[in-house]
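> What follows is structure_10.cif; its format and atoms are mmCIF, C-alpha atoms and all ligand atoms.
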```cif
data_my_file
loop_
_atom_site.label_atom_id
_atom_site.label_comp_id
_atom_site.auth_asym_id
_atom_site.auth_seq_id
_atom_site.Cartn_x
_atom_site.Cartn_y
_atom_site.Cartn_z
CA MET A 1 126.23 121.92 153.23
CA LEU A 2 128.44 120.70 156.07
CA TYR A 3 130.77 123.63 155.61
CA ASN A 4 128.13 126.33 155.35
CA LYS A 5 128.75 129.02 158.01
CA GLY A 6 125.04 129.51 158.89
CA PHE A 7 124.52 125.78 159.29
CA LEU A 8 127.54 125.50 161.56
CA PHE A 9 126.35 128.39 163.67
CA LEU A 10 122.91 126.77 164.14
CA LEU A 11 124.55 123.47 164.98
CA PHE A 12 126.74 125.07 167.65
CA LEU A 13 123.73 126.95 169.04
CA TRP A 14 121.72 123.76 169.15
CA VAL A 15 124.48 121.92 170.96
CA SER A 16 124.87 124.65 173.54
CA LEU A 17 121.10 124.68 174.21
CA LEU A 18 121.05 120.95 174.74
CA SER A 19 124.27 120.88 176.65
CA THR A 20 122.88 120.46 180.13
CA ALA A 21 120.29 117.82 179.32
CA GLN A 22 122.18 115.22 177.30
CA GLU A 23 123.73 112.08 178.65
CA ARG A 24 126.76 111.54 176.41
CA GLU A 25 128.53 108.26 175.96
CA TYR A 26 131.75 110.01 174.98
CA VAL A 27 132.82 113.44 173.80
CA LEU A 28 135.87 114.80 171.99
CA LEU A 29 136.62 118.44 171.21
CA ILE A 30 139.46 119.90 169.20
CA HIS A 31 140.89 123.30 168.49
CA GLY A 32 143.36 124.39 165.84
CA GLY A 33 144.04 127.79 167.35
CA ALA A 34 142.20 131.04 167.99
CA GLY A 35 143.18 134.37 166.56
CA SER A 36 142.68 136.89 163.84
CA MET A 37 142.41 134.18 161.17
CA THR A 38 145.04 135.85 159.01
CA ALA A 39 145.96 132.38 157.74
CA LEU A 40 142.74 132.53 155.69
CA GLU A 41 143.21 136.05 154.35
CA GLY A 42 142.67 136.29 150.62
CA GLU A 43 142.35 132.52 150.32
CA PRO A 44 138.65 131.61 150.63
CA LYS A 45 139.20 128.03 149.45
CA LYS A 46 141.61 127.48 152.32
CA GLU A 47 138.68 127.33 154.75
CA VAL A 48 137.55 124.09 153.16
CA ILE A 49 141.04 122.64 153.58
CA TYR A 50 140.99 123.59 157.28
CA TYR A 51 137.49 122.14 157.74
CA SER A 52 138.61 118.92 156.15
CA ALA A 53 141.70 118.68 158.42
CA LEU A 54 139.59 119.33 161.52
CA ASP A 55 137.11 116.72 160.35
CA SER A 56 139.87 114.14 159.88
CA ALA A 57 141.05 114.84 163.43
CA LEU A 58 137.51 114.19 164.70
CA THR A 59 137.40 110.90 162.79
CA ILE A 60 140.63 109.75 164.48
CA GLY A 61 139.34 110.66 167.94
CA ASN A 62 135.91 109.17 167.32
CA GLU A 63 137.34 105.81 166.24
CA ILE A 64 139.36 105.56 169.45
CA LEU A 65 136.60 106.63 171.84
CA SER A 66 133.83 104.63 170.13
CA SER A 67 135.90 101.47 170.53
CA GLY A 68 136.00 102.06 174.30
CA LYS A 69 139.63 103.13 174.55
CA ASP A 70 140.93 105.76 176.98
CA ALA A 71 140.48 109.51 176.62
CA ILE A 72 144.24 110.04 176.93
CA GLU A 73 144.86 107.76 173.94
CA ALA A 74 142.40 109.75 171.85
CA VAL A 75 143.99 113.05 172.88
CA VAL A 76 147.52 111.89 171.96
CA ALA A 77 146.42 110.51 168.58
CA VAL A 78 144.45 113.63 167.65
CA VAL A 79 147.15 116.09 168.72
CA THR A 80 149.81 114.02 166.92
CA TYR A 81 147.73 114.17 163.73
CA LEU A 82 147.38 117.95 164.07
CA GLU A 83 151.11 118.35 164.81
CA ASN A 84 151.89 116.48 161.59
CA ASN A 85 149.55 118.71 159.60
CA PRO A 86 151.42 121.81 158.35
CA LEU A 87 148.23 123.88 158.46
CA PHE A 88 148.57 124.28 162.21
CA ASN A 89 151.01 126.03 164.54
CA ALA A 90 152.32 122.84 166.18
CA GLY A 91 154.94 120.37 165.02
CA VAL A 92 155.57 120.90 161.32
CA GLY A 93 153.98 124.23 160.42
CA ALA A 94 154.89 125.85 163.75
CA THR A 95 155.57 129.53 163.89
CA CYS A 96 159.16 130.68 164.40
CA THR A 97 161.03 132.98 166.76
CA THR A 98 162.37 136.37 165.71
CA GLU A 99 165.61 134.53 164.97
CA GLY A 100 163.88 132.21 162.52
CA THR A 101 164.14 129.11 164.71
CA PHE A 102 161.40 126.75 165.84
CA GLU A 103 160.86 126.19 169.59
CA LEU A 104 157.96 123.92 170.42
CA ASP A 105 155.85 123.44 173.57
CA ALA A 106 153.30 120.76 174.49
CA SER A 107 151.53 119.31 177.51
CA ILE A 108 149.16 116.52 178.42
CA MET A 109 147.13 115.68 181.51
CA ASP A 110 145.12 112.65 182.61
CA GLY A 111 142.06 113.47 184.70
CA ARG A 112 142.06 110.03 186.33
CA ASP A 113 145.03 110.70 188.59
CA LEU A 114 146.13 114.27 187.73
CA SER A 115 149.29 112.86 186.17
CA ALA A 116 150.73 115.31 183.68
CA GLY A 117 153.72 115.81 181.39
CA ALA A 118 155.05 118.70 179.35
CA VAL A 119 157.99 119.81 177.25
CA ALA A 120 158.97 123.36 176.42
CA SER A 121 161.32 125.04 173.98
CA VAL A 122 162.24 121.81 172.19
CA LYS A 123 163.75 122.04 168.72
CA HIS A 124 164.24 118.50 167.47
CA ILE A 125 161.29 116.44 168.71
CA LYS A 126 159.01 115.61 165.80
CA ASN A 127 155.89 115.27 167.94
CA PRO A 128 156.20 117.23 171.19
CA ILE A 129 152.94 115.72 172.49
CA MET A 130 154.61 112.27 172.45
CA ALA A 131 157.49 113.65 174.50
CA ALA A 132 155.01 115.24 176.93
CA LEU A 133 153.37 111.83 177.30
CA ALA A 134 156.77 110.23 177.96
CA VAL A 135 157.56 112.82 180.65
CA LYS A 136 154.20 111.99 182.26
CA GLU A 137 154.62 108.24 182.09
CA LYS A 138 158.34 107.62 182.30
CA SER A 139 159.75 110.33 184.55
CA PRO A 140 159.01 111.62 188.05
CA HIS A 141 158.69 115.13 186.58
CA VAL A 142 155.97 117.24 185.00
CA LEU A 143 157.84 119.77 182.84
CA MET A 144 161.14 119.36 180.98
CA VAL A 145 162.74 122.00 178.83
CA GLY A 146 165.25 122.44 176.00
CA THR A 147 168.12 120.04 175.47
CA GLY A 148 167.34 118.12 178.67
CA ALA A 149 163.88 117.37 177.34
CA GLU A 150 165.38 116.36 173.99
CA ASP A 151 167.91 114.00 175.58
CA PHE A 152 165.11 112.47 177.63
CA ALA A 153 162.95 112.03 174.53
CA ARG A 154 165.82 110.46 172.59
CA ASP A 155 166.47 108.04 175.47
CA HIS A 156 162.83 107.00 175.29
CA GLN A 157 162.84 106.33 171.55
CA ILE A 158 160.73 109.36 170.66
CA GLU A 159 161.17 110.28 167.00
CA MET A 160 163.63 113.16 166.53
CA VAL A 161 164.40 115.38 163.55
CA SER A 162 168.03 116.17 162.84
CA ASP A 163 167.46 119.71 161.61
CA ASN A 164 165.26 122.35 163.22
CA ILE A 165 164.26 123.50 159.72
CA TYR A 166 162.15 120.31 159.47
CA PHE A 167 159.34 122.32 161.10
CA ALA A 168 159.34 124.94 158.35
CA THR A 169 156.81 125.12 155.55
CA PRO A 170 157.20 127.19 152.39
CA LYS A 171 155.19 129.83 154.22
CA THR A 172 157.35 129.97 157.35
CA LEU A 173 160.48 129.94 155.20
CA LYS A 174 159.14 133.06 153.56
CA TRP A 175 158.47 134.60 156.98
CA ILE A 176 162.00 133.83 158.02
CA GLU A 177 163.30 135.51 154.90
CA GLU A 178 161.16 138.55 155.36
CA LEU A 179 161.36 138.57 159.18
CA LYS A 180 157.64 139.16 159.19
CA ALA A 181 156.59 136.37 161.48
CA LYS A 182 154.39 138.85 163.30
CA SER A 183 151.99 139.33 160.44
CA LYS A 184 150.65 135.83 159.89
CA LYS A 185 150.35 132.63 161.83
CA ASN A 186 148.55 129.32 161.93
CA GLY A 187 146.90 127.92 165.04
CA THR A 188 148.00 126.05 168.13
CA VAL A 189 146.29 122.66 168.48
CA GLY A 190 144.47 121.03 171.36
CA CYS A 191 142.13 118.20 172.21
CA VAL A 192 140.00 117.27 175.22
CA ALA A 193 138.13 114.01 175.60
CA LEU A 194 135.69 112.19 177.85
CA ASP A 195 135.74 108.45 177.34
CA LYS A 196 133.06 105.82 177.93
CA LYS A 197 134.45 105.13 181.41
CA GLY A 198 134.05 108.76 182.46
CA ASN A 199 137.75 109.64 182.26
CA LEU A 200 138.82 113.08 181.11
CA ALA A 201 142.07 114.05 179.37
CA ALA A 202 143.50 117.17 177.75
CA GLY A 203 146.47 117.96 175.51
CA THR A 204 147.83 121.07 173.79
CA SER A 205 150.75 121.66 171.42
CA THR A 206 152.17 124.82 169.85
CA GLY A 207 155.03 126.61 168.16
CA GLY A 208 154.16 129.58 170.39
CA THR A 209 153.24 133.10 169.40
CA ALA A 210 154.47 134.65 166.17
CA ASN A 211 157.55 136.85 166.53
CA LYS A 212 158.31 135.46 170.00
CA LEU A 213 161.76 135.95 171.45
CA LYS A 214 164.11 133.01 171.63
CA GLY A 215 163.51 131.28 174.98
CA ARG A 216 159.96 132.56 175.42
CA ILE A 217 157.55 129.97 176.80
CA GLY A 218 153.78 130.48 176.77
CA ASP A 219 150.83 128.88 178.52
CA THR A 220 150.74 125.69 176.43
CA PRO A 221 153.27 123.60 178.40
CA LEU A 222 152.13 124.99 181.75
CA ILE A 223 149.73 122.66 183.52
CA GLY A 224 146.94 124.82 184.90
CA ALA A 225 147.46 127.65 182.40
CA GLY A 226 147.10 126.08 178.94
CA THR A 227 146.03 122.53 179.85
CA TYR A 228 144.21 120.86 182.73
CA ALA A 229 142.20 117.69 183.36
CA ASP A 230 140.56 116.39 186.51
CA ASN A 231 137.89 113.68 186.50
CA ASN A 232 136.21 115.57 189.35
CA SER A 233 135.68 118.71 187.29
CA CYS A 234 136.66 119.09 183.64
CA ALA A 235 139.27 118.85 180.87
CA VAL A 236 140.51 122.09 179.28
CA SER A 237 142.83 123.08 176.42
CA CYS A 238 143.52 126.76 175.72
CA THR A 239 144.73 128.77 172.76
CA GLY A 240 145.56 132.43 172.43
CA HIS A 241 147.92 135.05 173.79
CA GLY A 242 149.73 132.86 176.29
CA GLU A 243 150.97 135.60 178.61
CA TYR A 244 147.34 136.39 179.54
CA PHE A 245 146.42 132.73 179.90
CA ILE A 246 149.33 132.34 182.34
CA ARG A 247 148.37 135.40 184.38
CA HIS A 248 144.76 134.23 184.66
CA VAL A 249 145.75 130.57 185.13
CA VAL A 250 142.92 129.91 182.73
CA ALA A 251 142.70 126.10 182.56
CA TYR A 252 142.81 125.58 186.33
CA ASN A 253 140.70 128.68 186.88
CA LEU A 254 137.91 126.97 184.92
CA SER A 255 138.27 123.72 186.84
CA ALA A 256 138.21 125.65 190.15
CA ARG A 257 135.05 127.55 189.22
CA LEU A 258 133.31 124.23 188.55
CA LYS A 259 134.60 122.64 191.74
CA TYR A 260 134.29 125.46 194.22
CA LEU A 261 131.50 127.63 192.79
CA ASN A 262 129.52 124.80 191.28
CA GLU A 263 129.14 126.83 188.11
CA ASP A 264 128.16 125.12 184.90
CA ILE A 265 130.95 124.82 182.36
CA GLU A 266 129.50 127.23 179.85
CA LYS A 267 128.95 130.01 182.38
CA ALA A 268 132.37 129.52 183.96
CA ALA A 269 134.21 129.51 180.61
CA HIS A 270 132.25 132.52 179.39
CA HIS A 271 133.22 134.42 182.52
CA ILE A 272 136.93 133.67 182.11
CA ILE A 273 137.15 134.40 178.38
CA HIS A 274 134.84 137.41 178.20
CA GLU A 275 135.03 138.97 181.65
CA GLU A 276 138.56 138.16 182.80
CA LEU A 277 140.59 138.04 179.57
CA SER A 278 138.74 140.40 177.22
CA PRO A 279 139.11 143.57 179.34
CA HIS A 280 142.87 142.96 179.38
CA ALA A 281 142.97 142.41 175.61
CA GLY A 282 143.87 138.78 176.22
CA MET A 283 142.77 137.25 172.93
CA GLY A 284 141.99 133.58 172.58
CA GLY A 285 139.67 130.76 173.46
CA LEU A 286 139.40 127.34 175.02
CA ILE A 287 137.70 123.98 174.64
CA ALA A 288 136.38 122.20 177.72
CA ILE A 289 134.27 119.20 178.73
CA ASP A 290 132.92 118.56 182.21
CA LYS A 291 132.65 115.17 183.87
CA LYS A 292 129.05 114.74 182.65
CA GLY A 293 129.89 115.44 179.02
CA ASN A 294 128.64 119.03 178.86
CA PHE A 295 131.00 121.10 176.79
CA THR A 296 131.84 124.55 175.55
CA LEU A 297 134.18 126.15 172.97
CA PRO A 298 134.20 129.92 173.70
CA PHE A 299 136.59 132.50 172.24
CA ASN A 300 136.90 136.29 172.09
CA SER A 301 139.02 136.42 168.91
CA PRO A 302 137.67 136.91 165.37
CA GLY A 303 137.71 133.12 164.94
CA MET A 304 138.83 129.78 166.33
CA PHE A 305 139.38 126.55 164.39
CA ARG A 306 137.34 124.01 166.33
CA GLY A 307 135.21 120.90 166.23
CA PHE A 308 133.31 118.42 168.34
CA VAL A 309 132.14 114.84 168.11
CA TYR A 310 130.02 113.04 170.67
CA LYS A 311 127.69 110.09 170.97
CA ASP A 312 124.45 110.07 172.91
CA LYS A 313 121.19 108.10 172.78
CA ASP A 314 120.27 109.78 169.48
CA GLY A 315 123.50 108.73 167.78
CA LEU A 316 126.62 110.48 166.64
CA HIS A 317 126.91 114.27 166.41
CA ARG A 318 129.81 116.16 164.90
CA ALA A 319 130.62 119.55 163.43
CA VAL A 320 133.56 121.79 162.69
CA GLY A 321 133.69 125.60 162.70
CA ILE A 322 136.00 128.56 162.28
CA HIS A 323 133.91 131.72 162.55
CA PRO A 324 131.78 132.91 165.49
N1 LIG B 401 148.91 129.95 173.56
C1 LIG B 401 150.03 129.80 172.67
C2 LIG B 401 151.23 130.51 173.28
O1 LIG B 401 151.06 131.58 173.86
C3 LIG B 401 149.79 130.35 171.30
C4 LIG B 401 148.43 130.12 170.68
O2 LIG B 401 147.60 129.44 171.24
O3 LIG B 401 148.20 130.64 169.57
O4 LIG B 401 152.32 130.04 173.12
#
```
Rewrite the structure of this file - the entire thing - as structure tokens.

Amino acid sequence: MLYNKGFLFLLFLWVSLLSTAQEREYVLLIHGGAGSMTALEGEPKKEVIYYSALDSALTIGNEILSSGKDAIEAVVAVVTYLENNPLFNAGVGATCTTEGTFELDASIMDGRDLSAGAVASVKHIKNPIMAALAVKEKSPHVLMVGTGAEDFARDHQIEMVSDNIYFATPKTLKWIEELKAKSKKNGTVGCVALDKKGNLAAGTSTGGTANKLKGRIGDTPLIGAGTYADNNSCAVSCTGHGEYFIRHVVAYNLSARLKYLNEDIEKAAHHIIHEELSPHAGMGGLIAIDKKGNFTLPFNSPGMFRGFVYKDKDGLHRAVGIHP
């Protein structure tokens, strides 16, 4: 029953209807990428495997937030889990460049003080989100790239992999052989959280877009494009065709609409995804929570791997979804 499409749709509808009225103790949202869902093509049973992985990610986040820990801790733990899961386009399982190499991007932001960290185009960091956290906490910088980022990560005892091929799965190895990376891909991962103390955090991690050129960097490691968190507005993590998310500065755009136009989060996110990105064929989606715990998970693609868990006076609520 939990995985029935109709049931999930009703659950999402119900949540969006209640979204302005509920006082939520804590909230955590995840995404595992938006897109054409080609990863599921011809493999109906695979949906259940994805649902189960998304559900496990929610369990990890829920345990952390329910025990009163910080939103940023929940975001790091959830994104790390998703990076380690080969189903998703982040960490192991990442998509590869046209040259058959893996170049990973990740970012994290803490809404308490706007502190942020990101790494881009890294090839030997097992969990790029951990390196992004280290950049945020142990350097005066926000974004580090390539071998400099890797040296920094190594110096801070972040786990490395000796061979870039570590990130390959049997599927990506086949892509490399066939040079058909364009045709199929998994999903970028992201998490946003509101903790019991009212702090917001966001994190995103990706292997990038399929068939990307060596050296290409998308929205994911760019604070304001793929990731943003500000306790005074909202936490946002994006997924989709990064070039469009950069041009429309999507994550900060959403935060700005809340702050300066006083829009509610659902209306603001709907505007950006459907009225700004869609006319330009910018495919993708986002997950976002505002400072009161209202949230939204819109997308304009055929599907988006996603889930939410939150606690309010009626107890715990959680669901995962893939289809509209
Ligand atoms: N936004 C990511 C990028 O452009 C890819 C994705 O979310 O699927 O690198």
> At most 10 Å from (161.8, 130.2, 161.1), file frame, all atoms listed in the file: which residues, as a ChimeraX atom specification?
/A:93-103,164-165,167-169,171-177,179,181,210-211
> Could you please determine the separation between CA of Glu263 in chain A and CA of Gly187 in chain A in Å, to one decimal place?
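One can read the CA of Glu263 in chain A to CA of Gly187 in chain A distance as 29.1 Å.
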> Just give me the gap between CA of Glu47 in chain A and CA of Ala74 in chain A in Å, one decimal is fine.
24.8 Å
> List as a list in words the protein and nucleic acid residues lying within 8 Å of ligand LIG 401 (chain B), with all atoms listed in the file counted.
Gly33, Ala34, Gly35, Asn89, Asp105, Asn186, Gly187, Thr188, Val189, Thr206, Gly207, Gly208, Thr209, Ile217, Gly218, Asp219, Thr220, Gly226, Cys238, Thr239, Gly240, His241, Gly242, Glu243, Phe245 and Gly284 of chain A
> When you count all atoms listed in the file, which of these residues is closest to Gly68 in chain A: A:Val135, A:Leu104, A:Met144, A:Leu194?
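Nearest to Gly68 in chain A: A:Leu194.
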> Could you name the residues that touch Pro302 in chain A at 10 Å or less, counting all atoms listed in the file, but leaving out those on the same chain fewer than 6 positions away, as a list in words?
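Answer for this query is Ala34, Gly35, Ser36, Met37, Thr38, Met283, Gly284, Ile322, His323 and Pro324 of chain A.
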> Is it possible to get the axis-aligned box enclosing range 248-264 of chain A (all listed atoms, 5 Å extra per side) as JSON, with centre and edge lengths in Å rounded to one decimal?

```
{"center_x": 137.0, "center_y": 128.4, "center_z": 188.4, "size_x": 27.6, "size_y": 21.6, "size_z": 21.7}
```
> Residues within 10 Å of range 64-66 of chain A, please, as a list in words. Count all atoms listed in the file; anything in the same chain fewer than 2 positions from it doesn't count.
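Near range 64-66 of chain A, the qualifying residues are Glu25, Tyr26, Val27, Leu28, Thr59, Ile60, Gly61, Asn62, Gly68, Lys69, Asp70, Ala71, Ile72, Glu73, Ala74, Val75, Ala77, Val78, Ala193, Leu194, Asp195, Lys196, Lys197, Tyr310, Lys311 and Leu316 of chain A.
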> Counting all atoms listed in the file, I want the residues whose atoms come within 12 Å of (127.1, 132.4, 177.2) in the file frame, returned as a PyMOL selection string.
chain A and resi 13+16-17+19+264-275+295-300
> Have a look at CA of Val309 in chain A and CA of Ala90 in chain A and let me know their distance in Å, one decimal.
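Distance between the two atoms: 21.8 Å.
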> Compare A:Ile129, A:Ala120, A:Leu82, A:Leu213 by their minimum atom-to-atom distance to Gly32 in chain A, counting all atoms listed in the file, and give me the closest one.
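Going through A:Ile129, A:Ala120, A:Leu82, A:Leu213 one by one, the smallest distance to Gly32 in chain A is for A:Leu82.
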> Write out as a PDB file with C-alpha atoms, in the frame of the given file which residues come within 12 Å of Ala149 in chain A when counting only C-alpha atoms, dropping same-chain ones fewer than 3 positions away.

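Just written: selection_19.pdb:
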```
ATOM      1  CA  LEU A 104     157.960 123.920 170.420  1.00  0.00           C
ATOM      2  CA  ASP A 105     155.850 123.440 173.570  1.00  0.00           C
ATOM      3  CA  ALA A 106     153.300 120.760 174.490  1.00  0.00           C
ATOM      4  CA  GLY A 117     153.720 115.810 181.390  1.00  0.00           C
ATOM      5  CA  ALA A 118     155.050 118.700 179.350  1.00  0.00           C
ATOM      6  CA  VAL A 119     157.990 119.810 177.250  1.00  0.00           C
ATOM      7  CA  ALA A 120     158.970 123.360 176.420  1.00  0.00           C
ATOM      8  CA  SER A 121     161.320 125.040 173.980  1.00  0.00           C
ATOM      9  CA  VAL A 122     162.240 121.810 172.190  1.00  0.00           C
ATOM     10  CA  LYS A 123     163.750 122.040 168.720  1.00  0.00           C
ATOM     11  CA  HIS A 124     164.240 118.500 167.470  1.00  0.00           C
ATOM     12  CA  ILE A 125     161.290 116.440 168.710  1.00  0.00           C
ATOM     13  CA  PRO A 128     156.200 117.230 171.190  1.00  0.00           C
ATOM     14  CA  MET A 130     154.610 112.270 172.450  1.00  0.00           C
ATOM     15  CA  ALA A 131     157.490 113.650 174.500  1.00  0.00           C
ATOM     16  CA  ALA A 132     155.010 115.240 176.930  1.00  0.00           C
ATOM     17  CA  LEU A 133     153.370 111.830 177.300  1.00  0.00           C
ATOM     18  CA  ALA A 134     156.770 110.230 177.960  1.00  0.00           C
ATOM     19  CA  VAL A 135     157.560 112.820 180.650  1.00  0.00           C
ATOM     20  CA  SER A 139     159.750 110.330 184.550  1.00  0.00           C
ATOM     21  CA  HIS A 141     158.690 115.130 186.580  1.00  0.00           C
ATOM     22  CA  VAL A 142     155.970 117.240 185.000  1.00  0.00           C
ATOM     23  CA  LEU A 143     157.840 119.770 182.840  1.00  0.00           C
ATOM     24  CA  MET A 144     161.140 119.360 180.980  1.00  0.00           C
ATOM     25  CA  VAL A 145     162.740 122.000 178.830  1.00  0.00           C
ATOM     26  CA  GLY A 146     165.250 122.440 176.000  1.00  0.00           C
ATOM     27  CA  PHE A 152     165.110 112.470 177.630  1.00  0.00           C
ATOM     28  CA  ALA A 153     162.950 112.030 174.530  1.00  0.00           C
ATOM     29  CA  ARG A 154     165.820 110.460 172.590  1.00  0.00           C
ATOM     30  CA  ASP A 155     166.470 108.040 175.470  1.00  0.00           C
ATOM     31  CA  HIS A 156     162.830 107.000 175.290  1.00  0.00           C
ATOM     32  CA  ILE A 158     160.730 109.360 170.660  1.00  0.00           C
ATOM     33  CA  MET A 160     163.630 113.160 166.530  1.00  0.00           C
TER      34      MET A 160
END
```
> Neighbouring residues of Ala229 in chain A were defined as those with any atom within 9 Å, considering all atoms listed in the file; residues of the same chain fewer than 6 positions away were excluded. Please report them as a ChimeraX atom specification.
/A:108-112,114,116,192,200-203,235-237,251-252,255
